Amino acid sequence: MEIADQVSQVFETYLRSVSGPSLPFSEYSLGGDTTPLREDGWTRIRDALSPPRGERFLEDEDDDAYVDRRVKAGFQRMVQLSSLDAGVSGFGFFYWARLPWREPVEDEVSLLSVSWPTEYLAARGSEHLRTLLIQLASLLPFASGHAGLAFSSPNLHGPPLERVRDEALRYPGVEVTHGQRFLGAWIDGVHWLNFLGPDALTAQGGVEALRSRLRTPGTLLQEMPGSGALVTLGAEPDAGDLVQGRRLPAYRELAHVLEATLLPCPPQLTWRGWLPEEPRRWWRRFLD
């Protein structure tokens with residue numbers, strides 16, 4: 001499915017949400033080296049997000065060199081917008097469009113990620129941010145999606161995980177993986193906001209069947225345009241704290257409800273600086 005128009009709308013809506021005296025970005029990448037962001041960069045970014053019509057499946061492409069370049073790159077197009085003027089700013093836009101095969105390779109999906117710093121959340125409030133996220137999600141034909149607290153990073157792969165090991169194991173409500181490119185029909189964990197597309201919702205038996213299984217006070221289930229749904233776990237995102245016994249029961253309840261459709265932990269998952277059993281322990285933190 002070609003979603004360039006919708007992604008462009010998300011991009012412009014996101015930019016409006018962070019606009020002020022100046023936009024908080026200083027660099028960008030379109031799949032190659034990171035480049036300082038100047039006026040001509042905005043044109044290149046928008047061109048990358050709005051490709052010419054008439055693109056074909058790679059199976060139908062006659063230009064073998066073009067196919068080879070795309071396969072080697074691993075994506076059809078990519079846009080990354082960030083700022084490192086004063087370290088990690090917390091603002092970021094990332095879009096990775098999967099290669100246009102008729103059937104996705106290895107469950108590959110297109111991935112879109114946007115971020116704001118916690119200062120934005122504190123200044124605007126959780127309800128403002130939730131409304132904005134619903135607006136962004138409503139623009140997209142998503143399979144699934146989520147929003148919540150995360151260790152921010154200027155790139156897709158997140159911060160070096162050895163640097164956040166202790167915090168990740170203590171605060172279960174904080175994401176560290178920053179999205180999965182080979183997700184297929186699986187759901188990528190449990191978070192403050194959990195967007196379920198039509199197929200993901202059908203797998204739960206529909207809205208009412210899912211509603212009947214969510215009993216924790218403060219959990220909100222609402223329908224979304226396009227036959228999807230949103231599950232909100234509490235009035236604001238919560239990091240939890242295992243040291244203080246704050247295990248986030250609403251998150252645990254939803255994880256058990258969705259367990260059959262949650263992305264399984266890769267069998268041989270290892271993270272530098274973590275003990276061998278700890279990545280799986282983090283991955284299944286709401287299930288075990």
# chains A, B, ... in the order shown; residues from 1 in each chain; ligands from 1

$ residues_around --residues "Phe151 of chain A" --least-positions-apart "4" --cutoff "10 Å" --atoms "only C-alpha atoms" --output "PyMOL selection string"
chain A and resi 90+117+158-159+161+164+167-168+174-178

$ write_last_selection --atoms "N, CA, C and O atoms" --output "compact mmCIF listing (two decimals), in the first residue's frame"
# COMPACT_ATOMS: atom_id res chain seq x y z
N GLY A 90 15.50 14.96 22.34
CA GLY A 90 14.18 14.38 22.62
C GLY A 90 13.21 14.56 21.48
O GLY A 90 12.18 13.90 21.44
N PRO A 117 10.46 15.50 23.90
CA PRO A 117 11.11 15.34 25.21
C PRO A 117 10.08 15.32 26.33
O PRO A 117 8.94 15.77 26.16
N GLY A 158 18.14 3.27 18.91
CA GLY A 158 18.07 3.66 20.31
C GLY A 158 19.43 3.86 20.91
O GLY A 158 20.47 3.76 20.25
N PRO A 159 19.48 4.17 22.20
CA PRO A 159 20.76 4.41 22.86
C PRO A 159 21.51 3.09 23.02
O PRO A 159 20.91 2.01 22.96
N LEU A 161 22.42 0.04 24.59
CA LEU A 161 21.61 -0.55 25.65
C LEU A 161 22.40 -0.82 26.92
O LEU A 161 21.82 -0.89 28.00
N VAL A 164 21.78 1.90 29.52
CA VAL A 164 20.47 2.06 30.18
C VAL A 164 20.01 0.76 30.83
O VAL A 164 18.85 0.63 31.21
N GLU A 167 18.38 1.09 34.46
CA GLU A 167 17.10 1.80 34.41
C GLU A 167 16.04 0.96 33.70
O GLU A 167 14.88 0.91 34.12
N ALA A 168 16.42 0.29 32.60
CA ALA A 168 15.45 -0.52 31.87
C ALA A 168 14.90 -1.65 32.72
O ALA A 168 13.70 -1.96 32.68
N VAL A 174 9.19 1.99 30.54
CA VAL A 174 10.05 2.75 29.63
C VAL A 174 10.55 1.84 28.52
O VAL A 174 11.18 0.82 28.78
N GLU A 175 10.29 2.22 27.28
CA GLU A 175 10.70 1.46 26.10
C GLU A 175 12.18 1.66 25.81
O GLU A 175 12.72 2.76 26.02
N VAL A 176 12.84 0.62 25.33
CA VAL A 176 14.25 0.76 24.95
C VAL A 176 14.55 0.29 23.53
O VAL A 176 15.63 0.55 23.01
N THR A 177 13.62 -0.40 22.86
CA THR A 177 13.96 -0.99 21.56
C THR A 177 13.63 -0.10 20.38
O THR A 177 14.12 -0.31 19.29
N HIS A 178 12.75 0.89 20.53
CA HIS A 178 12.48 1.88 19.49
C HIS A 178 11.93 1.30 18.20
O HIS A 178 12.29 1.74 17.11

$ select_by_dssp --residues "segment 127-230 of chain A" --states "alpha helix (DSSP H)" --output "number ranges by chain"
A: 127-138, 165-170, 198-203, 207-212

$ atom_distance --atom1 "atom CA of Arg163 of chain A" --atom2 "atom CA of Trp282 of chain A"
14.8 Å

$ residues_around --residues "Leu287 of chain A" --least-positions-apart "6" --cutoff "10 Å" --atoms "only C-alpha atoms" --output "number ranges by chain"
A: 251-256, 259, 281

$ closest_residue --among "A:Trp274, A:Tyr14, A:Thr43, A:Phe286" --to "Asp166 of chain A" --atoms "only C-alpha atoms"
A:Trp274

$ closest_residue --among "A:Gly206, A:Gly41, A:Pro225, A:Gly184" --to "Ser144 of chain A" --atoms "only C-alpha atoms"
A:Gly184

$ atom_distance --atom1 "atom CA of Val7 of chain A" --atom2 "atom CA of Ala137 of chain A"
10.2 Å

$ residues_around --residues "Asp33 of chain A" --least-positions-apart "4" --cutoff "12 Å" --atoms "only C-alpha atoms" --output "PyMOL selection string"
chain A and resi 27-29+78-80

$ select_by_dssp --residues "segment 103-256 of chain A" --states "strand (DSSP E)" --output "list in words"
Leu111, Leu112, Ser113, Val114, Ser115, Ser144, Gly145, His146, Ala147, Leu149, Ala150, Val174, Glu175, Leu193, Asn194, Phe195, Leu196, Thr219, Leu220, Leu221, Gln222, Glu223, Met224, Gly228, Ala229, Leu230, Val231, Thr232 and Leu233 of chain A

$ atom_distance --atom1 "atom CA of Glu162 of chain A" --atom2 "atom CA of Gly240 of chain A"
20.3 Å

$ closest_atom_pairs --of "segment 175-285 of chain A" --to "segment 119-134 of chain A" --cutoff "10 Å" --atoms "only C-alpha atoms" --output "CSV"
residue,atom,partner,partner_atom,distance
A:Trp192,CA,A:Arg130,CA,9.7
A:Leu193,CA,A:Arg130,CA,8.0
A:Phe195,CA,A:Ile134,CA,9.0
A:Met224,CA,A:Ile134,CA,8.5
A:Leu230,CA,A:Ile134,CA,8.5
A:Thr232,CA,A:Arg130,CA,9.1
A:Ala235,CA,A:Ser126,CA,7.2
A:Glu236,CA,A:Ser126,CA,5.4
A:Pro237,CA,A:Ser126,CA,7.6

$ residues_around --residues "segment 104-110 of chain A" --least-positions-apart "5" --cutoff "8 Å" --atoms "only C-alpha atoms" --output "list in words"
Tyr95, Trp96, Ala97, Arg98, Leu99, Arg181, Phe182, Leu183, Gly184 and Ala185 of chain A

$ write_last_selection --atoms "all heavy atoms" --output "short mmCIF file (atom, residue, chain, number, x, y, z; two decimals), in the first residue's frame"
data_model
loop_
_atom_site.label_atom_id
_atom_site.label_comp_id
_atom_site.auth_asym_id
_atom_site.auth_seq_id
_atom_site.Cartn_x
_atom_site.Cartn_y
_atom_site.Cartn_z
N TYR A 95 11.27 7.83 9.53
CA TYR A 95 10.40 7.03 8.66
C TYR A 95 11.26 6.10 7.83
O TYR A 95 12.20 6.53 7.16
CB TYR A 95 9.56 7.93 7.76
CG TYR A 95 8.71 7.15 6.77
CD1 TYR A 95 7.81 6.18 7.22
CD2 TYR A 95 8.80 7.38 5.41
CE1 TYR A 95 7.03 5.46 6.33
CE2 TYR A 95 8.00 6.67 4.51
CZ TYR A 95 7.13 5.71 4.98
OH TYR A 95 6.36 4.99 4.09
N TRP A 96 10.91 4.83 7.88
CA TRP A 96 11.61 3.80 7.13
C TRP A 96 10.56 3.06 6.29
O TRP A 96 9.72 2.35 6.84
CB TRP A 96 12.29 2.83 8.09
CG TRP A 96 13.19 1.81 7.49
CD1 TRP A 96 12.87 0.85 6.58
CD2 TRP A 96 14.58 1.64 7.76
NE1 TRP A 96 13.95 0.09 6.27
CE2 TRP A 96 15.03 0.54 6.97
CE3 TRP A 96 15.49 2.29 8.58
CZ2 TRP A 96 16.35 0.10 7.00
CZ3 TRP A 96 16.80 1.83 8.61
CH2 TRP A 96 17.22 0.76 7.83
N ALA A 97 10.59 3.25 4.97
CA ALA A 97 9.62 2.60 4.08
C ALA A 97 10.19 1.27 3.60
O ALA A 97 11.30 1.21 3.06
CB ALA A 97 9.32 3.50 2.89
N ARG A 98 9.45 0.22 3.79
CA ARG A 98 9.93 -1.10 3.40
C ARG A 98 10.09 -1.18 1.88
O ARG A 98 9.47 -0.43 1.13
CB ARG A 98 8.98 -2.19 3.89
CG ARG A 98 7.66 -2.27 3.13
CD ARG A 98 6.89 -3.52 3.55
NE ARG A 98 5.62 -3.65 2.84
CZ ARG A 98 5.48 -4.24 1.65
NH1 ARG A 98 6.54 -4.73 1.03
NH2 ARG A 98 4.29 -4.33 1.08
N LEU A 99 10.89 -2.12 1.44
CA LEU A 99 11.03 -2.35 0.01
C LEU A 99 9.70 -2.80 -0.58
O LEU A 99 8.99 -3.61 0.03
CB LEU A 99 12.10 -3.41 -0.25
CG LEU A 99 13.53 -3.00 0.07
CD1 LEU A 99 14.46 -4.21 -0.02
CD2 LEU A 99 14.00 -1.90 -0.87
N ARG A 181 11.26 -3.51 12.81
CA ARG A 181 11.05 -3.47 11.36
C ARG A 181 10.51 -4.78 10.83
O ARG A 181 9.98 -4.81 9.72
CB ARG A 181 12.36 -3.13 10.65
CG ARG A 181 12.80 -1.67 10.82
CD ARG A 181 13.97 -1.37 9.92
NE ARG A 181 13.67 -1.73 8.54
CZ ARG A 181 14.52 -2.39 7.75
NH1 ARG A 181 15.70 -2.76 8.19
NH2 ARG A 181 14.17 -2.68 6.50
N PHE A 182 10.66 -5.87 11.55
CA PHE A 182 10.19 -7.17 11.08
C PHE A 182 9.10 -7.66 12.03
O PHE A 182 9.25 -8.63 12.76
CB PHE A 182 11.37 -8.15 11.00
CG PHE A 182 12.43 -7.68 10.03
CD1 PHE A 182 13.52 -6.96 10.47
CD2 PHE A 182 12.29 -7.90 8.67
CE1 PHE A 182 14.48 -6.50 9.59
CE2 PHE A 182 13.25 -7.44 7.77
CZ PHE A 182 14.34 -6.74 8.22
N LEU A 183 8.01 -6.93 11.99
CA LEU A 183 6.93 -7.12 12.95
C LEU A 183 5.79 -7.96 12.39
O LEU A 183 5.12 -8.68 13.13
CB LEU A 183 6.41 -5.74 13.39
CG LEU A 183 5.42 -5.69 14.54
CD1 LEU A 183 6.05 -6.24 15.82
CD2 LEU A 183 4.95 -4.25 14.78
N GLY A 184 5.55 -7.86 11.08
CA GLY A 184 4.44 -8.59 10.50
C GLY A 184 3.13 -8.24 11.17
O GLY A 184 2.82 -7.07 11.40
N ALA A 185 2.36 -9.26 11.55
CA ALA A 185 1.07 -9.05 12.21
C ALA A 185 1.20 -9.04 13.73
O ALA A 185 0.20 -8.90 14.43
CB ALA A 185 0.08 -10.12 11.78
#

$ residues_around --residues "Gln204 of chain A" --least-positions-apart "4" --cutoff "10 Å" --atoms "only C-alpha atoms" --output "ChimeraX atom specification"
/A:196,199-200,208-211,213,257-258,260-261

$ write_last_selection --atoms "N, CA, C and O atoms" --output "compact mmCIF listing (two decimals), in the first residue's frame"
# COMPACT_ATOMS: atom_id res chain seq x y z
N LEU A 196 -4.36 -0.63 17.88
CA LEU A 196 -4.58 -1.92 17.22
C LEU A 196 -5.28 -1.69 15.90
O LEU A 196 -6.38 -1.13 15.87
N ASP A 199 -6.80 -5.92 11.70
CA ASP A 199 -6.46 -7.34 11.87
C ASP A 199 -6.08 -7.65 13.31
O ASP A 199 -6.46 -8.69 13.85
N ALA A 200 -5.33 -6.74 13.94
CA ALA A 200 -4.95 -6.95 15.33
C ALA A 200 -6.16 -6.96 16.24
O ALA A 200 -6.24 -7.74 17.21
N GLU A 208 -15.78 -5.33 21.67
CA GLU A 208 -16.50 -5.71 22.89
C GLU A 208 -15.84 -6.90 23.58
O GLU A 208 -15.81 -6.95 24.81
N ALA A 209 -15.32 -7.84 22.81
CA ALA A 209 -14.63 -8.98 23.41
C ALA A 209 -13.39 -8.50 24.15
O ALA A 209 -13.09 -8.96 25.26
N LEU A 210 -12.66 -7.57 23.54
CA LEU A 210 -11.47 -7.03 24.19
C LEU A 210 -11.85 -6.24 25.43
O LEU A 210 -11.23 -6.36 26.49
N ARG A 211 -12.91 -5.44 25.33
CA ARG A 211 -13.35 -4.62 26.47
C ARG A 211 -13.70 -5.50 27.68
O ARG A 211 -13.40 -5.15 28.82
N ARG A 213 -12.40 -8.08 28.71
CA ARG A 213 -11.22 -8.70 29.34
C ARG A 213 -10.33 -7.66 30.02
O ARG A 213 -9.34 -8.03 30.65
N VAL A 257 -3.68 -10.32 28.14
CA VAL A 257 -4.78 -10.38 27.17
C VAL A 257 -4.25 -10.53 25.75
O VAL A 257 -4.78 -11.29 24.94
N LEU A 258 -3.18 -9.80 25.44
CA LEU A 258 -2.63 -9.80 24.08
C LEU A 258 -1.55 -10.85 23.87
O LEU A 258 -0.99 -10.92 22.76
N ALA A 260 -0.93 -13.88 23.05
CA ALA A 260 -0.81 -14.73 21.86
C ALA A 260 -0.41 -13.95 20.62
O ALA A 260 0.07 -14.56 19.64
N THR A 261 -0.59 -12.64 20.64
CA THR A 261 -0.28 -11.83 19.46
C THR A 261 0.90 -10.88 19.68
O THR A 261 1.24 -10.11 18.79

$ closest_residue --among "A:Ala4, A:Val10, A:Val207, A:Ala239" --to "Pro51 of chain A" --atoms "only C-alpha atoms"
A:Ala4

$ closest_residue --among "A:His191, A:Arg102, A:Arg215, A:Arg46" --to "Ala150 of chain A" --atoms "only C-alpha atoms"
A:His191

$ closest_residue --among "A:Leu136, A:Leu30, A:Ala250, A:Ala147" --to "Phe94 of chain A" --atoms "only C-alpha atoms"
A:Leu30

$ closest_residue --among "A:Leu263, A:Pro249, A:Pro279, A:Val114" --to "Glu12 of chain A" --atoms "only C-alpha atoms"
A:Val114
